[in-house]
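Participant: Got a structure here, written out as structure tokens. Questions coming.
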Amino acid sequence: MDPAKASCPTVTQRDQWMVESQVYDLYHLFASIPPNAQSVMLELLRDRHMEFLTKGLTHLGSSFRVLDAIRPWLCYWIIHSIALLGESVDDEMETNAIDFLNRCQDPNGGYGGGPGQMPHLATTYAAVNALITLGSEKSLASINRGKLSNFLRRMKHPSGGFRMHDEGEIDVRACYTAISVASVLNILDDDLIQNVGDYIVSCQTYEGGIAGEPGSEAHGGYTYCGLATMILIDKVNRLDLPRLLEWVVFKQGKECGFQGRTNKLVDGCYSFWQGGVVALLQKLSSLIIKQMASPDYEEGLAVTPHDEACHSGQGDLNRSSSVDYHNIGYRFIKECGAQEPLFYSIGLQQYILLCSQEQEGGLRDKPGKRRDFYHTCYCLSGLSLCQYSWSKYPDSPPLPNAVLGPYSNLLKPTHPLFNVVIERYYEAHEFFTKS
Ligand SMILES: CC(C)=CCC/C(C)=C/CC/C(C)=C/COP(=O)(O)OP(=O)(O)O
Ligand SMILES: [Zn+2]
């Protein structure tokens with residue numbers, strides 16, 4: 001999956017069979033070997049992943065010239081993966097990463113794809129998440145929040161959406177990256193939020209998922225962005241949540257991985273984009289039941305129609321006057337949702353460990369594809385969500401049967417709204433509450 005562009009809308013039956021046969025070969029092999037060998041096959045290859053990731057970070061300054069416009073993304077994918085594995089980067093690497101990201105910071109706010117490049121919302125999100133994950137005071141203090149706030153306001157469009165960059169496209173990714181960054185940095189206010197809910201509601205399609213822009217096809221990446229944004233702005237009740245849930249659960253394929261959209265192939269990165277959608281919906285289970293139970297639901301009237309009148313109704317999140325935006329993400333993870341995952345969590349862990357994991361380290365889309373940092377980050381993020389999907393709170397240790405393979409596979413929990421490791425999120429939340 002290339003997050004920058006959409007390709008052909010369907011795959012051929014032959015493509016589908018090829019994937020199925022490769023995946024089923026692996027599953028048959030797995031089923032045919034003794035339990036102790038199965039346990040070895042299911043092991044998360046921590047040391048090899050660390051070697052792959054550390055090498056990548058070391059070479060960030062030199063060998064990634066071809067990926068010159070996404071270098072803050074590479075920082076985030078690598079640093080977040082390392083944090084999920086419960087490791088950290090050494091002091092020299094941390095200093096280099098902070099200095100490098102600082103050079104990507106635009107004098108007028110926001111981060112570009114490399115030093116001197118125009119600021120872009122996607123690389124701003126990546127840079128901020130990377131700096132939060134590094135977590136030191138120097139790292140957090142390096143973000144110029146005043147200027148970044150100006151940049152976000154410059155990207156705001158009267159439709160309610162945001163542009164990705166000056167004169168750039170308006171889409172649901174732009175809404176999410178702007179709102180996520182503003183929320184975590186404590187600079188979110190009514191002006192930034194105005195009409196965002198209207199824009200995202202207009203992107204929910206007849207299938208139930210969310211498209212990148214009005215009139216397009218529902219897709220897992222945009223659905224994650226749209227749903228997370230609606231939660232962060234306290235407008236999630238405006239989405240048709242039962243339909244969204246129905247759409248996403250049917251995106252988990254026979255291979256146990258997720259596909260991004262109807263009639264396309266499963267891919268390890270959707271373990272996070274679609275797995276994240278289900279994890280968020282799990283927390284919203286009482287709201288979903290409420291929408292379904294409403295006598296108006298069949299008529300499509302149970303969903304609040306306009307931006308002004310809506311609050312989520314999620315316990316403490318339900319307020320009548322001014323909204324404490326900075327704390328929505330904080331309180332959300334404390335909410336109790338459904339006690340069990342709403343998808344086949346063990347099956348997805350099996351897909352990630354047996355099909356997406358490369359023996360030499362790093363993770364990939366599917367068998368036959370090459371590893372890369374993007375897939376490593378989102379396969380590990382999805383694996384972490386699965387492992388904690390039976391836990392009442394994301395930071396309480398899961399029972400052994402929730403974790404496929406040896407318990408040493410357990411990763412750090414990630415915040416499902418921001419995709420940063422929860423411990424780092426708490427530290428950043430405290431830092432930006434005070435400053
Ligand atoms: C935070 C942030 C910037 C999030 C990005 C969200 C994201 C992953 C959007 C996906 C974009 C898209 C339509 C890809 C389709 O590619 P494809 O046709 O190659 O893949 P497919 O066959 O799996 O649909
Ligand atoms: Zn992918």
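Letters for chains follow the order of the structure tokens (A, B, ...), residue numbers begin at 1 for each chain, and ligand numbers begin at 1 in the order shown.
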Among segment 251-282 of chain A, which ones does DSSP assign to helix (DSSP H, G or I) (computed from the backbone)? Answer as an MDAnalysis selection string.
Facilitator: chainID A and resid 270:282
Participant: Need the shell around Glu217 of chain A: protein/DNA/RNA residues with any atom at most 9 Å away, counting only C-alpha atoms. Skip same-chain ones fewer than 4 positions apart. Format as a list in words?
Facilitator: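 The contact residues come out as Pro9, Cys203, Thr205, Glu207, Gly209, Ile210, Ala211, Gly212, Glu213 and Arg261 of chain A.
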Participant: Distance atom 3 (C, counted along the ligand's line) of ligand 1-atom CA of His49 of chain A, one decimal place?
Facilitator: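 Computing it gives 23.5 Å between the two atoms.
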Participant: Phe30 of chain A: which residues within 12 Å, counting only C-alpha atoms, same-chain residues fewer than 2 positions away excluded, as a list in words?
Facilitator: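 Once the adjacent positions are removed, what remains is Val23, Tyr24, Asp25, Leu26, Tyr27, His28, Ser32, Ile33, Pro34, Pro35, Asn36, Ala37, Gln38, Ser39, Val40, Met41, Leu42, Gln350, Tyr351, Leu353, Leu354 and Cys355 of chain A.
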Participant: Identify, on the basis of only C-alpha atoms, every residue whose closest approach to Ala126 of chain A does not exceed 10 Å; exclude the query and any residue fewer than 6 positions from it along the same chain; express the result as a PyMOL selection string.
Facilitator: chain A and resi 70-77+101+111+113+132+177+181
Participant: What is the atom CA of Leu417 of chain A-atom CA of Ser180 of chain A distance in Å, reported with one decimal?
Facilitator: 7.8 Å
Participant: With the cut-off set at 12 Å and counting only C-alpha atoms and all ligand atoms, tabulate each residue of chain A with an atom at most that distance from an atom of ligand 2, showing the nearest atom pair and its distance in Å to one decimal, ordered by chain and increasing number, as JSON lines.
Facilitator:
```
{"residue": "A:Met1", "atom": "CA", "partner": "ligand 2", "partner_atom_place_in_ligand_line": "1 (Zn)", "distance": 3.6}
{"residue": "A:Asp2", "atom": "CA", "partner": "ligand 2", "partner_atom_place_in_ligand_line": "1 (Zn)", "distance": 6.4}
{"residue": "A:Pro3", "atom": "CA", "partner": "ligand 2", "partner_atom_place_in_ligand_line": "1 (Zn)", "distance": 7.9}
{"residue": "A:Ala4", "atom": "CA", "partner": "ligand 2", "partner_atom_place_in_ligand_line": "1 (Zn)", "distance": 11.2}
{"residue": "A:Lys5", "atom": "CA", "partner": "ligand 2", "partner_atom_place_in_ligand_line": "1 (Zn)", "distance": 11.8}
{"residue": "A:Ala6", "atom": "CA", "partner": "ligand 2", "partner_atom_place_in_ligand_line": "1 (Zn)", "distance": 11.7}
{"residue": "A:Gly220", "atom": "CA", "partner": "ligand 2", "partner_atom_place_in_ligand_line": "1 (Zn)", "distance": 10.8}
{"residue": "A:Gly221", "atom": "CA", "partner": "ligand 2", "partner_atom_place_in_ligand_line": "1 (Zn)", "distance": 9.9}
{"residue": "A:Gly257", "atom": "CA", "partner": "ligand 2", "partner_atom_place_in_ligand_line": "1 (Zn)", "distance": 11.1}
{"residue": "A:Phe258", "atom": "CA", "partner": "ligand 2", "partner_atom_place_in_ligand_line": "1 (Zn)", "distance": 10.1}
{"residue": "A:Gln259", "atom": "CA", "partner": "ligand 2", "partner_atom_place_in_ligand_line": "1 (Zn)", "distance": 9.1}
{"residue": "A:Gly260", "atom": "CA", "partner": "ligand 2", "partner_atom_place_in_ligand_line": "1 (Zn)", "distance": 8.6}
{"residue": "A:Arg261", "atom": "CA", "partner": "ligand 2", "partner_atom_place_in_ligand_line": "1 (Zn)", "distance": 11.9}
{"residue": "A:Lys264", "atom": "CA", "partner": "ligand 2", "partner_atom_place_in_ligand_line": "1 (Zn)", "distance": 11.5}
{"residue": "A:Leu265", "atom": "CA", "partner": "ligand 2", "partner_atom_place_in_ligand_line": "1 (Zn)", "distance": 9.7}
{"residue": "A:Val266", "atom": "CA", "partner": "ligand 2", "partner_atom_place_in_ligand_line": "1 (Zn)", "distance": 8.5}
{"residue": "A:Asp267", "atom": "CA", "partner": "ligand 2", "partner_atom_place_in_ligand_line": "1 (Zn)", "distance": 5.1}
{"residue": "A:Gly268", "atom": "CA", "partner": "ligand 2", "partner_atom_place_in_ligand_line": "1 (Zn)", "distance": 5.9}
{"residue": "A:Cys269", "atom": "CA", "partner": "ligand 2", "partner_atom_place_in_ligand_line": "1 (Zn)", "distance": 4.4}
{"residue": "A:Tyr270", "atom": "CA", "partner": "ligand 2", "partner_atom_place_in_ligand_line": "1 (Zn)", "distance": 6.6}
{"residue": "A:Ser271", "atom": "CA", "partner": "ligand 2", "partner_atom_place_in_ligand_line": "1 (Zn)", "distance": 9.2}
{"residue": "A:Phe272", "atom": "CA", "partner": "ligand 2", "partner_atom_place_in_ligand_line": "1 (Zn)", "distance": 10.0}
{"residue": "A:Trp273", "atom": "CA", "partner": "ligand 2", "partner_atom_place_in_ligand_line": "1 (Zn)", "distance": 9.7}
{"residue": "A:Gln274", "atom": "CA", "partner": "ligand 2", "partner_atom_place_in_ligand_line": "1 (Zn)", "distance": 11.4}
{"residue": "A:Ser356", "atom": "CA", "partner": "ligand 2", "partner_atom_place_in_ligand_line": "1 (Zn)", "distance": 10.3}
{"residue": "A:Leu363", "atom": "CA", "partner": "ligand 2", "partner_atom_place_in_ligand_line": "1 (Zn)", "distance": 10.4}
{"residue": "A:Arg364", "atom": "CA", "partner": "ligand 2", "partner_atom_place_in_ligand_line": "1 (Zn)", "distance": 7.6}
{"residue": "A:Asp365", "atom": "CA", "partner": "ligand 2", "partner_atom_place_in_ligand_line": "1 (Zn)", "distance": 5.0}
{"residue": "A:Lys366", "atom": "CA", "partner": "ligand 2", "partner_atom_place_in_ligand_line": "1 (Zn)", "distance": 8.5}
{"residue": "A:Lys369", "atom": "CA", "partner": "ligand 2", "partner_atom_place_in_ligand_line": "1 (Zn)", "distance": 10.0}
{"residue": "A:Arg370", "atom": "CA", "partner": "ligand 2", "partner_atom_place_in_ligand_line": "1 (Zn)", "distance": 10.9}
{"residue": "A:Arg371", "atom": "CA", "partner": "ligand 2", "partner_atom_place_in_ligand_line": "1 (Zn)", "distance": 10.4}
{"residue": "A:Asp372", "atom": "CA", "partner": "ligand 2", "partner_atom_place_in_ligand_line": "1 (Zn)", "distance": 9.7}
{"residue": "A:Phe373", "atom": "CA", "partner": "ligand 2", "partner_atom_place_in_ligand_line": "1 (Zn)", "distance": 10.7}
{"residue": "A:Tyr374", "atom": "CA", "partner": "ligand 2", "partner_atom_place_in_ligand_line": "1 (Zn)", "distance": 7.8}
{"residue": "A:His375", "atom": "CA", "partner": "ligand 2", "partner_atom_place_in_ligand_line": "1 (Zn)", "distance": 6.1}
{"residue": "A:Thr376", "atom": "CA", "partner": "ligand 2", "partner_atom_place_in_ligand_line": "1 (Zn)", "distance": 9.8}
{"residue": "A:Cys377", "atom": "CA", "partner": "ligand 2", "partner_atom_place_in_ligand_line": "1 (Zn)", "distance": 10.6}
{"residue": "A:Tyr378", "atom": "CA", "partner": "ligand 2", "partner_atom_place_in_ligand_line": "1 (Zn)", "distance": 8.4}
{"residue": "A:Cys379", "atom": "CA", "partner": "ligand 2", "partner_atom_place_in_ligand_line": "1 (Zn)", "distance": 9.1}
```
Participant: Given the selection you just returned, output its residues as a file containing C-alpha atoms, formatted as a PDB file, in the first residue's frame.
Facilitator:
```pdb
ATOM      1  CA  MET A   1       0.000   0.000   0.000  1.00  0.00           C
ATOM      2  CA  ASP A   2       1.373   3.375  -0.934  1.00  0.00           C
ATOM      3  CA  PRO A   3      -0.263   5.986   1.325  1.00  0.00           C
ATOM      4  CA  ALA A   4       0.467   8.733  -1.174  1.00  0.00           C
ATOM      5  CA  LYS A   5      -1.734   7.451  -4.004  1.00  0.00           C
ATOM      6  CA  ALA A   6      -4.558   5.085  -4.800  1.00  0.00           C
ATOM      7  CA  GLY A 220      -8.932   1.930   5.929  1.00  0.00           C
ATOM      8  CA  GLY A 221      -6.263   4.631   6.078  1.00  0.00           C
ATOM      9  CA  GLY A 257      -4.927  -9.901   7.809  1.00  0.00           C
ATOM     10  CA  PHE A 258      -6.920  -6.790   6.930  1.00  0.00           C
ATOM     11  CA  GLN A 259      -7.508  -5.330   3.471  1.00  0.00           C
ATOM     12  CA  GLY A 260      -7.734  -1.553   3.054  1.00  0.00           C
ATOM     13  CA  ARG A 261     -10.871  -1.579   0.931  1.00  0.00           C
ATOM     14  CA  LYS A 264      -8.309  -5.503  -2.563  1.00  0.00           C
ATOM     15  CA  LEU A 265      -5.545  -7.646  -1.092  1.00  0.00           C
ATOM     16  CA  VAL A 266      -4.744  -7.983   2.598  1.00  0.00           C
ATOM     17  CA  ASP A 267      -1.670  -6.045   3.689  1.00  0.00           C
ATOM     18  CA  GLY A 268       0.199  -5.965   7.033  1.00  0.00           C
ATOM     19  CA  CYS A 269       0.028  -2.168   7.368  1.00  0.00           C
ATOM     20  CA  TYR A 270      -3.780  -2.335   7.713  1.00  0.00           C
ATOM     21  CA  SER A 271      -3.183  -4.226  10.949  1.00  0.00           C
ATOM     22  CA  PHE A 272      -2.900  -0.740  12.356  1.00  0.00           C
ATOM     23  CA  TRP A 273      -5.162   1.355  10.101  1.00  0.00           C
ATOM     24  CA  GLN A 274      -8.111  -1.085  10.233  1.00  0.00           C
ATOM     25  CA  SER A 356       4.548 -10.158   7.623  1.00  0.00           C
ATOM     26  CA  LEU A 363       8.155  -6.507   8.647  1.00  0.00           C
ATOM     27  CA  ARG A 364       6.346  -6.345   5.314  1.00  0.00           C
ATOM     28  CA  ASP A 365       3.016  -6.110   3.519  1.00  0.00           C
ATOM     29  CA  LYS A 366       2.720  -9.841   2.703  1.00  0.00           C
ATOM     30  CA  LYS A 369       7.151  -8.340  -0.615  1.00  0.00           C
ATOM     31  CA  ARG A 370      10.206  -6.643   0.835  1.00  0.00           C
ATOM     32  CA  ARG A 371      10.451  -5.286   4.358  1.00  0.00           C
ATOM     33  CA  ASP A 372      10.416  -1.525   4.887  1.00  0.00           C
ATOM     34  CA  PHE A 373      10.172   0.909   7.787  1.00  0.00           C
ATOM     35  CA  TYR A 374       6.562   1.891   7.047  1.00  0.00           C
ATOM     36  CA  HIS A 375       5.330  -1.707   7.237  1.00  0.00           C
ATOM     37  CA  THR A 376       7.563  -2.451  10.220  1.00  0.00           C
ATOM     38  CA  CYS A 377       5.991   0.453  12.106  1.00  0.00           C
ATOM     39  CA  TYR A 378       2.367  -0.327  11.257  1.00  0.00           C
ATOM     40  CA  CYS A 379       2.646  -4.142  11.629  1.00  0.00           C
TER      41      CYS A 379
END
```
Participant: Excluding Lys334 of chain A and any residue of its chain fewer than 4 positions from it, enumerate the residues within 9 Å of it, using only C-alpha atoms, and give them as a VMD selection string.
Facilitator: chain A and resid 330 392 to 394
Participant: Taking N, CA, C and O atoms for each residue, export the selection above as an mmCIF file, in the first residue's frame.
Facilitator:
```cif
data_model
loop_
_atom_site.group_PDB
_atom_site.id
_atom_site.type_symbol
_atom_site.label_atom_id
_atom_site.label_comp_id
_atom_site.auth_asym_id
_atom_site.auth_seq_id
_atom_site.Cartn_x
_atom_site.Cartn_y
_atom_site.Cartn_z
ATOM 1 N N TYR A 330 -6.630 11.962 26.472
ATOM 2 C CA TYR A 330 -6.181 11.431 27.764
ATOM 3 C C TYR A 330 -7.284 10.580 28.391
ATOM 4 O O TYR A 330 -7.051 9.477 28.863
ATOM 5 N N LYS A 392 -8.655 -4.255 29.979
ATOM 6 C CA LYS A 392 -9.627 -3.207 30.305
ATOM 7 C C LYS A 392 -9.005 -1.843 30.020
ATOM 8 O O LYS A 392 -9.632 -0.956 29.453
ATOM 9 N N TYR A 393 -7.757 -1.679 30.428
ATOM 10 C CA TYR A 393 -7.030 -0.440 30.178
ATOM 11 C C TYR A 393 -5.809 -0.801 29.339
ATOM 12 O O TYR A 393 -5.205 -1.850 29.568
ATOM 13 N N PRO A 394 -5.445 0.063 28.412
ATOM 14 C CA PRO A 394 -4.367 -0.334 27.501
ATOM 15 C C PRO A 394 -3.034 -0.511 28.191
ATOM 16 O O PRO A 394 -2.142 -1.171 27.670
#
```
Participant: Of the residues A:Asn401, A:Gln16, A:Asn263, A:Asn150, which is the one nearest to ligand 1, using only C-alpha atoms and all ligand atoms?
Facilitator: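 With only C-alpha atoms and all ligand atoms as the atom set, the closest residue is A:Asn263.
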Participant: Of the candidates A:Ala182, A:Leu60, A:Cys386, A:Ala31, which one gets nearest to Gln349 of chain A if we count only C-alpha atoms?
Facilitator: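 Distance minimum relative to Gln349 of chain A lands on A:Cys386.
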Participant: Name the closest residue to ligand 1 among the candidates A:Asn195, A:Thr262, A:Asn237, A:Thr58; distances are taken between atoms, counting only C-alpha atoms and all ligand atoms.
Facilitator: A:Thr262
Participant: Near Asp99 of chain A, within 12 Å and counting only C-alpha atoms, which residues show up once chain neighbours fewer than 6 positions away are dropped, as a list of chain:residue names?
Facilitator: A:Gly61, A:Pro72, A:Cys75, A:Glu92, A:Met93, A:Gln105, A:Gly114, A:Pro115, A:Ala127, A:Leu131, A:Lys138, A:Ser139, A:Ser142, A:Ile143
Participant: Would you mind exporting C-alpha atoms of the selected residues as a PDB file, in the first residue's frame?
Facilitator:
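Just written: again38.pdb:
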```
ATOM      1  CA  GLY A  61      21.553  11.325   7.104  1.00  0.00           C
ATOM      2  CA  PRO A  72      10.540  12.915   9.309  1.00  0.00           C
ATOM      3  CA  CYS A  75      12.356   9.051  11.863  1.00  0.00           C
ATOM      4  CA  GLU A  92      23.981  10.375  20.219  1.00  0.00           C
ATOM      5  CA  MET A  93      21.190   9.123  17.947  1.00  0.00           C
ATOM      6  CA  GLN A 105      11.109  22.919  11.116  1.00  0.00           C
ATOM      7  CA  GLY A 114      13.645  17.622   4.784  1.00  0.00           C
ATOM      8  CA  PRO A 115      15.663  20.724   5.726  1.00  0.00           C
ATOM      9  CA  ALA A 127       7.999  14.927  13.301  1.00  0.00           C
ATOM     10  CA  LEU A 131       9.819  13.989  19.081  1.00  0.00           C
ATOM     11  CA  LYS A 138      15.003  18.945  24.874  1.00  0.00           C
ATOM     12  CA  SER A 139      12.970  17.009  22.324  1.00  0.00           C
ATOM     13  CA  SER A 142      12.225  21.900  20.361  1.00  0.00           C
ATOM     14  CA  ILE A 143       8.676  22.133  18.925  1.00  0.00           C
TER      15      ILE A 143
END
```
Participant: Would you mind writing down, as a list of chain:residue names, each residue of segment 116-322 of chain A that DSSP on the backbone assigns to strand (DSSP E or B)?
Facilitator: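 Written out, the strand (DSSP E or B) residues of segment 116-322 of chain A are A:Lys156, A:Phe162, A:Arg163, A:Ile170, A:Gln204, A:Ile210, A:Ala211, A:Ala218, A:Gln252, A:Phe258, A:Gln259, A:Val266.
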Participant: Can you measure atom CA of Lys156 of chain A to atom CA of Pro416 of chain A for me? One decimal in Å is fine.
Facilitator: 24.6 Å
Participant: Select, from A:Gln282, A:Ser216, A:Asn144, A:Gln194, the residue with the minimum atom-to-atom distance to Val248 of chain A, counting only C-alpha atoms.
Facilitator: A:Gln282
Participant: Which residue gives the smallest distance to ligand 1 among A:Asp90, A:Asp198, A:Asp171, A:Glu43, with only C-alpha atoms and all ligand atoms counted?
Facilitator: A:Asp171
Participant: Counting only C-alpha atoms, what is within 7 Å of segment 227-236 of chain A, bar same-chain residues fewer than 2 positions away, as a CSV table (one decimal) with all heavy atoms, in the first residue's frame?
Facilitator:
```csv
chain,number,residue,atom,x,y,z
A,175,CYS,N,-7.1,16.6,7.9
A,175,CYS,CA,-7.9,16.9,9.1
A,175,CYS,C,-7.2,16.1,10.3
A,175,CYS,O,-7.0,16.7,11.4
A,175,CYS,CB,-9.3,16.4,9.0
A,175,CYS,SG,-10.2,17.3,7.8
A,176,TYR,N,-6.9,14.8,10.1
A,176,TYR,CA,-6.4,14.1,11.2
A,176,TYR,C,-5.0,14.6,11.7
A,176,TYR,O,-4.8,14.8,12.9
A,176,TYR,CB,-6.3,12.6,10.8
A,176,TYR,CG,-5.5,11.8,11.9
A,176,TYR,CD1,-6.0,11.6,13.2
A,176,TYR,CD2,-4.2,11.3,11.6
A,176,TYR,CE1,-5.3,10.9,14.1
A,176,TYR,CE2,-3.5,10.6,12.5
A,176,TYR,CZ,-4.0,10.4,13.8
A,176,TYR,OH,-3.3,9.8,14.8
A,179,ILE,N,-5.5,17.9,13.5
A,179,ILE,CA,-6.1,17.8,14.8
A,179,ILE,C,-5.3,17.0,15.8
A,179,ILE,O,-5.2,17.3,17.0
A,179,ILE,CB,-7.6,17.2,14.6
A,179,ILE,CG1,-8.4,18.1,13.7
A,179,ILE,CG2,-8.2,16.9,16.0
A,179,ILE,CD1,-8.8,19.5,14.3
A,193,ILE,N,-11.4,23.6,15.0
A,193,ILE,CA,-12.4,22.5,14.9
A,193,ILE,C,-13.6,22.9,14.1
A,193,ILE,O,-14.3,22.0,13.5
A,193,ILE,CB,-12.8,22.2,16.4
A,193,ILE,CG1,-11.8,21.3,17.0
A,193,ILE,CG2,-14.2,21.5,16.4
A,193,ILE,CD1,-11.8,21.1,18.4
A,197,GLY,N,-16.2,18.5,11.7
A,197,GLY,CA,-17.2,17.4,11.8
A,197,GLY,C,-18.0,17.3,10.5
A,197,GLY,O,-18.2,16.2,10.0
A,223,THR,N,-10.3,6.0,7.0
A,223,THR,CA,-11.3,5.7,8.0
A,223,THR,C,-10.7,5.8,9.4
A,223,THR,O,-11.3,6.4,10.3
A,223,THR,CB,-11.9,4.2,7.8
A,223,THR,OG1,-12.4,4.2,6.5
A,223,THR,CG2,-12.9,3.9,8.8
A,224,TYR,N,-9.4,5.4,9.5
A,224,TYR,CA,-8.7,5.6,10.8
A,224,TYR,C,-8.6,7.1,11.1
A,224,TYR,O,-9.0,7.6,12.1
A,224,TYR,CB,-7.3,4.9,10.8
A,224,TYR,CG,-6.6,5.4,12.0
A,224,TYR,CD1,-6.8,4.7,13.2
A,224,TYR,CD2,-5.7,6.4,11.9
A,224,TYR,CE1,-6.1,5.2,14.4
A,224,TYR,CE2,-5.0,6.9,13.1
A,224,TYR,CZ,-5.2,6.2,14.3
A,224,TYR,OH,-4.6,6.6,15.4
A,225,CYS,N,-8.2,7.8,10.0
A,225,CYS,CA,-8.0,9.3,10.2
A,225,CYS,C,-9.3,10.0,10.6
A,225,CYS,O,-9.3,10.8,11.5
A,225,CYS,CB,-7.4,9.9,8.9
A,225,CYS,SG,-5.7,9.4,8.6
A,238,ARG,N,-21.7,11.8,15.5
A,238,ARG,CA,-22.3,12.2,14.2
A,238,ARG,C,-22.0,11.2,13.1
A,238,ARG,O,-22.6,11.3,12.0
A,238,ARG,CB,-21.7,13.6,13.8
A,238,ARG,CG,-22.1,14.7,14.7
A,238,ARG,CD,-21.9,16.0,14.1
A,238,ARG,NE,-22.5,16.1,12.8
A,238,ARG,CZ,-22.1,16.9,11.8
A,238,ARG,NH1,-21.1,17.7,12.0
A,238,ARG,NH2,-22.7,16.9,10.7
A,239,LEU,N,-21.1,10.2,13.4
A,239,LEU,CA,-20.9,9.2,12.4
A,239,LEU,C,-21.9,8.1,12.6
A,239,LEU,O,-22.4,7.9,13.7
A,239,LEU,CB,-19.5,8.6,12.5
A,239,LEU,CG,-18.3,9.5,12.1
A,239,LEU,CD1,-17.0,8.9,12.6
A,239,LEU,CD2,-18.3,9.8,10.6
A,310,CYS,N,-23.6,18.8,18.8
A,310,CYS,CA,-23.2,17.4,19.1
A,310,CYS,C,-22.2,17.3,20.2
A,310,CYS,O,-21.2,18.0,20.3
A,310,CYS,CB,-22.6,16.8,17.9
A,310,CYS,SG,-21.9,15.2,18.2
A,311,HIS,N,-22.4,16.3,21.1
A,311,HIS,CA,-21.4,15.8,22.0
A,311,HIS,C,-21.4,14.3,22.0
A,311,HIS,O,-22.5,13.7,21.8
A,311,HIS,CB,-21.6,16.4,23.4
A,311,HIS,CG,-21.3,17.9,23.4
A,311,HIS,ND1,-20.0,18.4,23.3
A,311,HIS,CD2,-22.1,19.0,23.4
A,311,HIS,CE1,-20.1,19.7,23.3
A,311,HIS,NE2,-21.3,20.1,23.4
A,312,SER,N,-20.3,13.7,22.3
A,312,SER,CA,-20.2,12.3,22.1
A,312,SER,C,-21.1,11.4,23.0
A,312,SER,O,-21.4,10.3,22.6
A,312,SER,CB,-18.8,11.8,22.3
A,312,SER,OG,-18.4,11.9,23.6
A,325,TYR,N,-10.5,20.2,25.1
A,325,TYR,CA,-10.0,19.3,24.0
A,325,TYR,C,-8.7,18.6,24.3
A,325,TYR,O,-8.5,17.5,23.9
A,325,TYR,CB,-9.7,20.2,22.7
A,325,TYR,CG,-11.0,20.8,22.2
A,325,TYR,CD1,-11.2,22.1,22.1
A,325,TYR,CD2,-12.0,19.9,21.6
A,325,TYR,CE1,-12.4,22.7,21.6
A,325,TYR,CE2,-13.2,20.5,21.1
A,325,TYR,CZ,-13.4,21.8,21.1
A,325,TYR,OH,-14.5,22.3,20.6
A,328,ILE,N,-9.3,15.1,25.9
A,328,ILE,CA,-10.1,14.1,25.3
A,328,ILE,C,-9.3,12.8,25.0
A,328,ILE,O,-9.7,11.7,25.4
A,328,ILE,CB,-10.8,14.6,24.0
A,328,ILE,CG1,-11.8,15.7,24.3
A,328,ILE,CG2,-11.4,13.5,23.2
A,328,ILE,CD1,-12.6,16.3,23.1
A,329,GLY,N,-8.1,13.0,24.4
A,329,GLY,CA,-7.3,11.9,24.2
A,329,GLY,C,-6.8,11.2,25.4
A,329,GLY,O,-6.6,10.0,25.5
A,417,LEU,N,-5.3,6.7,19.5
A,417,LEU,CA,-5.7,7.9,18.7
A,417,LEU,C,-4.5,8.6,18.1
A,417,LEU,O,-4.7,9.3,17.1
A,417,LEU,CB,-6.4,8.9,19.7
A,417,LEU,CG,-7.8,8.6,20.1
A,417,LEU,CD1,-8.2,9.4,21.3
A,417,LEU,CD2,-8.8,8.7,19.0
```
Participant: May I ask which of the residues A:Asn419, A:Gln357, A:Gln339, A:Thr433 is the closest one to Ser391 of chain A, counting only C-alpha atoms?
Facilitator: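 Using only C-alpha atoms, Ser391 of chain A sits closest to A:Gln339.
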